[in-house]
>>> print(open('upload_11.txt').read())   # compact mmCIF, C-alpha atoms
# COMPACT_ATOMS: atom_id res chain seq x y z
CA MET A 300 0.00 0.00 0.00
CA GLY A 301 2.79 2.45 0.92
CA ALA A 302 4.72 1.80 -2.31
CA ALA A 303 1.59 2.29 -4.41
CA ALA A 304 0.78 5.56 -2.67
CA SER A 305 4.32 6.80 -3.23
CA ALA A 306 4.19 5.96 -6.92
CA GLN A 307 0.96 7.90 -7.36
CA ASN A 308 1.98 10.93 -5.30
CA GLN A 309 5.19 12.16 -6.91
CA GLY A 310 6.87 15.35 -5.72
CA PHE A 311 6.49 17.54 -2.65
CA GLN A 312 7.56 20.93 -1.31
CA LEU A 313 11.24 20.35 -0.60
CA ASN A 314 11.81 23.46 1.52
CA ARG A 315 11.27 22.65 5.20
CA TYR A 316 11.43 26.18 6.59
CA GLU A 317 8.03 27.63 7.42
CA PRO A 318 8.16 31.21 8.74
CA THR A 319 6.18 32.19 11.80
CA THR A 320 3.11 34.42 11.51
CA ALA A 321 3.84 37.97 10.32
CA GLY A 322 4.40 40.27 13.30
CA GLU A 323 5.93 37.66 15.60
CA TRP A 324 9.33 38.14 17.25
CA SER A 325 10.64 34.78 16.04
CA PHE A 326 11.62 32.98 12.85
CA ALA A 327 10.66 29.31 13.21
CA VAL A 328 8.94 28.78 16.59
CA ASP A 329 5.61 30.56 17.08
CA HIS A 330 5.25 33.20 19.79
CA PRO A 331 1.73 34.47 19.00
CA TRP A 332 0.57 38.08 19.10
CA TYR A 333 -2.97 39.24 19.75
CA SER A 334 -4.33 42.76 19.79
CA SER A 335 -7.52 44.82 19.74
CA THR A 336 -5.69 47.90 18.42
CA ARG A 337 -2.92 46.57 16.17
CA TYR A 338 -4.94 44.97 13.44
CA PHE A 339 -2.47 44.13 10.68
CA ALA A 340 1.09 42.97 9.99
CA ALA A 341 2.92 42.20 6.76
CA GLY A 342 6.41 40.96 6.03
CA VAL A 343 8.86 39.29 3.69
CA THR A 344 11.07 36.38 4.78
CA LEU A 345 14.02 35.12 2.72
CA ASN A 346 15.89 31.85 3.16
CA TYR A 347 18.63 29.88 1.41
CA ALA A 348 19.33 26.13 1.52
CA ASN A 349 22.54 24.31 0.56
CA ASN A 350 22.18 20.74 -0.77
CA PRO A 351 18.53 20.30 0.26
CA LEU A 352 18.13 17.30 -2.10
CA VAL A 353 20.85 14.69 -2.59
CA PHE A 354 20.65 11.02 -3.48
CA GLY A 355 23.16 8.38 -2.49
CA LEU A 356 23.88 5.00 -0.95
CA THR A 357 23.27 3.86 2.63
CA GLN A 358 25.97 1.49 3.85
CA PRO A 359 25.33 -1.51 6.18
CA ASP A 360 26.81 0.50 9.07
CA GLY A 361 24.23 3.24 8.52
CA SER A 362 26.58 5.76 6.93
CA PHE A 363 25.38 7.66 3.87
CA THR A 364 27.46 8.42 0.77
CA ARG A 365 26.19 11.17 -1.54
CA THR A 366 26.25 10.33 -5.25
CA ASP A 367 23.83 12.80 -6.89
CA PHE A 368 23.59 16.46 -5.88
CA VAL A 369 20.18 17.09 -7.43
CA ILE A 370 19.55 20.50 -5.85
CA GLN A 371 22.67 22.16 -4.49
CA HIS A 372 21.30 25.68 -4.03
CA GLN A 373 17.76 26.82 -3.31
CA PHE A 374 16.72 30.44 -2.64
CA LEU A 375 13.18 31.23 -1.56
CA GLY A 376 11.02 34.00 -0.19
CA HIS A 377 7.74 34.15 1.71
CA ILE A 378 5.18 36.95 1.56
CA ASP A 379 3.50 36.98 4.97
CA LEU A 380 0.23 38.66 6.06
CA ALA A 381 -1.57 38.57 9.41
CA GLY A 382 -4.48 40.24 11.17
CA SER A 383 -5.70 40.14 14.76
CA PHE A 384 -9.02 41.07 16.36
CA LEU A 385 -10.84 40.82 19.71
CA ASP A 386 -7.40 40.54 21.39
CA ARG A 387 -7.83 36.78 21.06
CA ILE A 388 -7.71 35.63 17.41
CA THR A 389 -4.99 35.97 14.77
CA LEU A 390 -5.44 35.00 11.11
CA SER A 391 -2.48 34.61 8.76
CA ALA A 392 -1.56 33.84 5.16
CA THR A 393 1.79 33.04 3.57
CA LEU A 394 2.78 32.63 -0.08
CA PRO A 395 6.16 30.96 -0.78
CA ILE A 396 8.09 31.88 -3.93
CA ALA A 397 11.07 29.85 -5.18
CA PHE A 398 13.44 32.26 -6.92
CA LEU A 399 16.29 29.86 -7.71
CA GLU A 400 17.24 26.18 -7.80
CA LEU A 401 20.64 25.01 -9.04
CA GLY A 402 21.97 21.46 -9.31
CA SER A 403 22.17 18.42 -11.58
CA PRO A 404 19.24 16.31 -12.84
CA SER A 405 18.98 12.89 -11.20
CA PRO A 406 18.85 9.71 -13.27
CA TYR A 407 16.39 8.31 -10.72
CA GLY A 408 12.90 9.38 -11.72
CA GLY A 409 13.75 12.51 -13.66
CA VAL A 410 14.05 14.85 -10.68
CA ALA A 411 15.73 18.09 -11.75
CA PRO A 412 16.20 21.65 -10.46
CA MET A 413 13.39 24.04 -11.27
CA SER A 414 13.94 26.46 -14.13
CA GLY A 415 12.81 30.04 -13.62
CA VAL A 416 10.66 31.22 -10.71
CA GLY A 417 7.95 29.08 -9.11
CA VAL A 418 5.13 29.72 -6.64
CA GLY A 419 4.63 27.25 -3.81
CA ASP A 420 1.56 26.19 -1.83
CA PRO A 421 -0.24 29.06 -0.02
CA ARG A 422 -0.53 28.58 3.74
CA PHE A 423 -3.45 29.84 5.84
CA GLY A 424 -3.38 29.89 9.63
CA LEU A 425 -5.54 30.48 12.68
CA LEU A 426 -4.35 31.10 16.25
CA VAL A 427 -6.68 31.42 19.25
CA ARG A 428 -5.65 32.57 22.72
CA ILE A 429 -7.06 30.27 25.43
CA VAL A 430 -5.52 31.77 28.57
CA GLY A 431 -2.88 34.42 29.30
CA GLN A 432 -1.13 36.83 26.93
CA PRO A 433 2.11 35.60 25.30
CA ASP A 434 3.84 38.98 25.69
CA ARG A 435 2.23 40.07 28.97
CA SER A 436 1.97 36.88 31.03
CA PRO A 437 4.63 34.49 32.38
CA ILE A 438 2.70 31.67 30.72
CA SER A 439 -0.06 31.46 28.13
CA LEU A 440 -1.79 28.79 26.08
CA SER A 441 -2.86 29.10 22.45
CA ILE A 442 -4.24 26.59 19.97
CA GLY A 443 -4.07 26.87 16.22
CA ALA A 444 -3.97 25.19 12.86
CA GLN A 445 -2.37 25.76 9.47
CA VAL A 446 -3.59 24.51 6.09
CA TRP A 447 -1.61 24.39 2.82
CA VAL A 448 -3.48 24.53 -0.50
CA PRO A 449 -1.82 22.00 -2.90
CA LEU A 450 -1.45 23.93 -6.15
CA ARG A 451 -0.06 20.95 -8.08
CA LYS A 452 -3.39 19.21 -7.54
CA PHE A 453 -4.87 21.77 -9.94
CA THR A 454 -2.01 22.42 -12.39
CA ASP A 455 0.99 20.60 -13.86
CA SER A 456 2.91 23.81 -14.51
CA LEU A 457 4.70 23.86 -11.13
CA ALA A 458 7.96 22.08 -10.37
CA PRO A 459 7.61 18.93 -8.20
CA THR A 460 10.06 20.41 -5.65
CA VAL A 461 7.97 23.48 -4.73
CA SER A 462 4.42 22.13 -4.27
CA ASP A 463 2.52 19.11 -2.95
CA GLN A 464 -0.27 17.25 -4.71
CA GLU A 465 -2.41 16.82 -1.60
CA VAL A 466 -3.53 19.10 1.23
CA ARG A 467 -1.43 19.45 4.38
CA VAL A 468 -2.88 20.28 7.82
CA LEU A 469 -0.97 21.15 11.00
CA PRO A 470 -2.92 21.52 14.29
CA LYS A 471 -0.72 22.74 17.13
CA LEU A 472 -0.55 23.77 20.79
CA ILE A 473 1.60 26.70 21.90
CA LEU A 474 2.82 27.50 25.39
CA ALA A 475 4.47 30.92 25.55
CA GLY A 476 5.26 33.71 27.95
CA LEU A 477 7.36 36.73 28.89
CA GLY A 478 8.87 37.61 32.26
CA HIS A 479 11.99 39.38 33.47
CA HIS A 480 13.09 40.05 29.85
CA ILE A 481 12.88 36.34 28.97
CA ARG A 482 10.53 35.53 26.09
CA TRP A 483 9.94 31.80 25.53
CA SER A 484 7.79 29.45 23.44
CA LEU A 485 7.16 25.71 23.37
CA THR A 486 5.14 24.26 20.48
CA GLY A 487 3.87 20.82 19.57
CA GLY A 488 1.92 19.72 16.54
CA PHE A 489 1.06 16.92 14.17
CA LEU A 490 1.50 17.55 10.45
CA TYR A 491 -0.92 15.50 8.37
CA ARG A 492 0.72 15.04 4.97
CA PRO A 493 -0.04 12.21 2.51
CA GLU A 494 3.10 10.24 1.69
CA ALA A 495 4.98 11.52 -1.35
CA ARG A 496 8.32 10.85 -3.02
CA LEU A 497 10.90 12.65 -5.12
CA GLY A 498 12.50 10.16 -7.52
CA ASN A 499 11.78 6.47 -7.93
CA ILE A 500 14.47 5.22 -5.55
CA GLY A 501 16.55 6.80 -2.86
CA PRO A 502 17.09 7.14 0.90
CA GLU A 503 14.57 8.27 3.50
CA GLY A 504 15.28 11.90 2.69
CA SER A 505 13.45 11.62 -0.65
CA THR A 506 10.16 10.74 1.07
CA ALA A 507 7.76 13.10 2.83
CA GLY A 508 4.73 12.26 4.96
CA SER A 509 2.95 12.89 8.23
CA GLU A 510 5.21 13.85 11.11
CA ILE A 511 5.36 15.00 14.70
CA GLN A 512 6.79 18.51 15.07
CA LEU A 513 8.17 20.16 18.20
CA GLY A 514 9.70 23.59 18.70
CA PHE A 515 11.37 25.58 21.46
CA GLY A 516 12.55 29.17 21.46
CA ILE A 517 13.95 31.45 24.14
CA SER A 518 15.30 34.97 23.86
CA TYR A 519 16.32 38.02 25.82
CA ALA A 520 13.70 40.67 25.02
CA ASP A 521 13.81 44.38 25.85
CA LEU A 522 10.38 45.83 25.10
CA GLU A 523 11.43 49.45 25.76
CA ARG A 524 14.41 49.32 23.39
CA ARG A 525 12.45 47.04 21.05
CA PHE A 526 14.99 44.28 20.44
CA ALA A 527 15.34 40.55 21.12
CA ILE A 528 18.00 37.91 20.61
CA GLY A 529 18.05 34.18 21.26
CA PRO A 530 18.07 30.61 19.88
CA GLU A 531 15.25 28.57 18.35
CA ALA A 532 15.11 24.83 17.70
CA THR A 533 12.69 22.72 15.67
CA PHE A 534 12.41 18.93 15.64
CA GLY A 535 10.45 16.74 13.25
CA THR A 536 10.17 13.01 12.67
CA LEU A 537 8.13 10.99 10.17
CA VAL A 538 5.49 8.64 11.57
CA ILE A 539 4.62 6.82 8.34
CA PRO A 540 5.29 3.04 8.06
CA ASN A 541 8.87 1.96 7.27
CA TYR A 542 10.26 5.40 8.20
CA ALA A 543 9.15 6.06 11.79
CA GLY A 544 12.15 6.34 14.08
CA GLN A 545 14.72 6.15 11.28
CA PRO A 546 17.62 8.65 11.47
CA GLY A 547 17.12 9.68 7.83
CA ALA A 548 13.48 10.52 8.57
CA THR A 549 14.23 12.80 11.53
CA SER A 550 15.48 16.38 11.54
CA LEU A 551 16.74 18.81 14.17
CA GLU A 552 17.36 22.41 13.16
CA VAL A 553 18.78 25.17 15.39
CA LEU A 554 19.19 28.87 14.63
CA LEU A 555 20.19 32.05 16.44
CA GLY A 556 17.91 34.97 15.70
CA ALA A 557 17.95 38.69 16.44
CA HIS A 558 15.14 41.21 15.96
CA TYR A 559 14.96 44.99 16.15
CA ASN A 560 11.86 47.12 15.81
CA ILE A 561 12.18 50.61 14.30
CA ALA A 562 9.79 53.20 15.76
CA SER A 563 7.27 50.46 16.61
CA GLN A 564 6.48 50.20 12.91
CA VAL A 565 9.13 48.21 11.00
CA GLN A 566 10.79 45.07 12.34
CA LEU A 567 14.10 43.71 11.06
CA GLY A 568 15.39 40.22 11.81
>>> encode(input="upload_11.txt", output="structure tokens")
Amino acid sequence: MGAAASAQNQGFQLNRYEPTTAGEWSFAVDHPWYSSTRYFAAGVTLNYANNPLVFGLTQPDGSFTRTDFVIQHQFLGHIDLAGSFLDRITLSATLPIAFLELGSPSPYGGVAPMSGVGVGDPRFGLLVRIVGQPDRSPISLSIGAQVWVPLRKFTDSLAPTVSDQEVRVLPKLILAGLGHHIRWSLTGGFLYRPEARLGNIGPEGSTAGSEIQLGFGISYADLERRFAIGPEATFGTLVIPNYAGQPGATSLEVLLGAHYNIASQVQLG
């Protein structure tokens, strides 16, 4: 059943970075904002990936030897919009744009770098504050969900590395707070994603599917001087058959981020 599903569902959004909601003081781990006076936020996020798609051979000892560097360089941007009302609900939308992919076509299944510029799957999100205020309380609880619209389900004009063929849904819980200049967030969610594959053969890294996602971020935040700095970490692991618990189906990503707000209007990160 799994092999048949993979054969029918070819290609998926290769980029793993999903920016937080516009207006947040973080890059990868949500720290929600709610307001009854600040209604709107917009932003642009840029990110670059080196060797995001390689094929190779897995040795009996578990080591991996790269043989095909299919996509060596990938440069993307996200256009982010968000709005909040009732001091309790935040709605968001994000449109990814792939500006550049460079590499060498793979002999396994015809996977090749995208030519030109491609639009990825739009993401729509909802966050609801249950208790506390993330930037006014030591601890708060929010629930939310994100949905990706699979553009390749409706058109064949997009590259198989920038869009999925089926819908993705990510419900999540967010614990967050601020106290004594320490801003923190802890997130947990389950990404529902039908199994998909890039190429006809290859290691675990060429397969995408449903996964458990966790995130933790902590920063030093000075609200008066309007700046923050600190690390964020995201963890994800596939839960589909034959891949659950495998090292090649698990990722841990850590970044150090800094943010500065100019005149309470423009935020740089």
>>> closest_atom_pairs(input="upload_11.txt", of="stretch 471-518 of chain A", to="stretch 317-341 of chain A", cutoff="8 Å", atoms="all atoms listed in the file", output="JSON lines")
{"residue": "A:Ile473", "atom": "CA", "partner": "A:Asp329", "partner_atom": "CA", "distance": 7.4}
{"residue": "A:Ala475", "atom": "CA", "partner": "A:His330", "partner_atom": "CA", "distance": 6.2}
{"residue": "A:Trp483", "atom": "CA", "partner": "A:His330", "partner_atom": "CA", "distance": 7.5}
{"residue": "A:Ser484", "atom": "CA", "partner": "A:His330", "partner_atom": "CA", "distance": 5.8}
{"residue": "A:Leu485", "atom": "CA", "partner": "A:Val328", "partner_atom": "CA", "distance": 7.7}
{"residue": "A:Thr486", "atom": "CA", "partner": "A:Val328", "partner_atom": "CA", "distance": 7.1}
{"residue": "A:Gly514", "atom": "CA", "partner": "A:Val328", "partner_atom": "CA", "distance": 5.7}
{"residue": "A:Phe515", "atom": "CA", "partner": "A:Val328", "partner_atom": "CA", "distance": 6.3}
{"residue": "A:Gly516", "atom": "CA", "partner": "A:Val328", "partner_atom": "CA", "distance": 6.1}
>>> residues_around(input="upload_11.txt", residues="stretch 374-380 of chain A", least_positions_apart="5", cutoff="8 Å", atoms="only C-alpha atoms", output="ChimeraX atom specification")
/A:318,320-321,339-348,391-400
>>> axis_aligned_box(input="upload_11.txt", around="stretch 455-462 of chain A", padding_each_side="6 Å", output="JSON")
{"center_x": 5.5, "center_y": 21.4, "center_z": -9.4, "size_x": 21.1, "size_y": 16.9, "size_z": 22.2}
>>> atom_distance(input="upload_11.txt", atom1="atom CA of A:Gly419", atom2="atom CA of A:Tyr542")
25.6 Å
>>> atom_distance(input="upload_11.txt", atom1="atom CA of A:Arg467", atom2="atom CA of A:Tyr316")
14.7 Å
>>> atom_distance(input="upload_11.txt", atom1="atom CA of A:Arg496", atom2="atom CA of A:Asp360")
24.4 Å
>>> closest_residue(input="upload_11.txt", among="A:Ile388, A:Leu440, A:Val448, A:Leu356", to="A:Leu426", atoms="all atoms listed in the file")
A:Ile388
>>> residues_near_point(input="upload_11.txt", point="(20.9, 34.7, 19.0)", cutoff="6 Å", atoms="all atoms listed in the file", output="PyMOL selection string")
chain A and resi 528-530+555-557
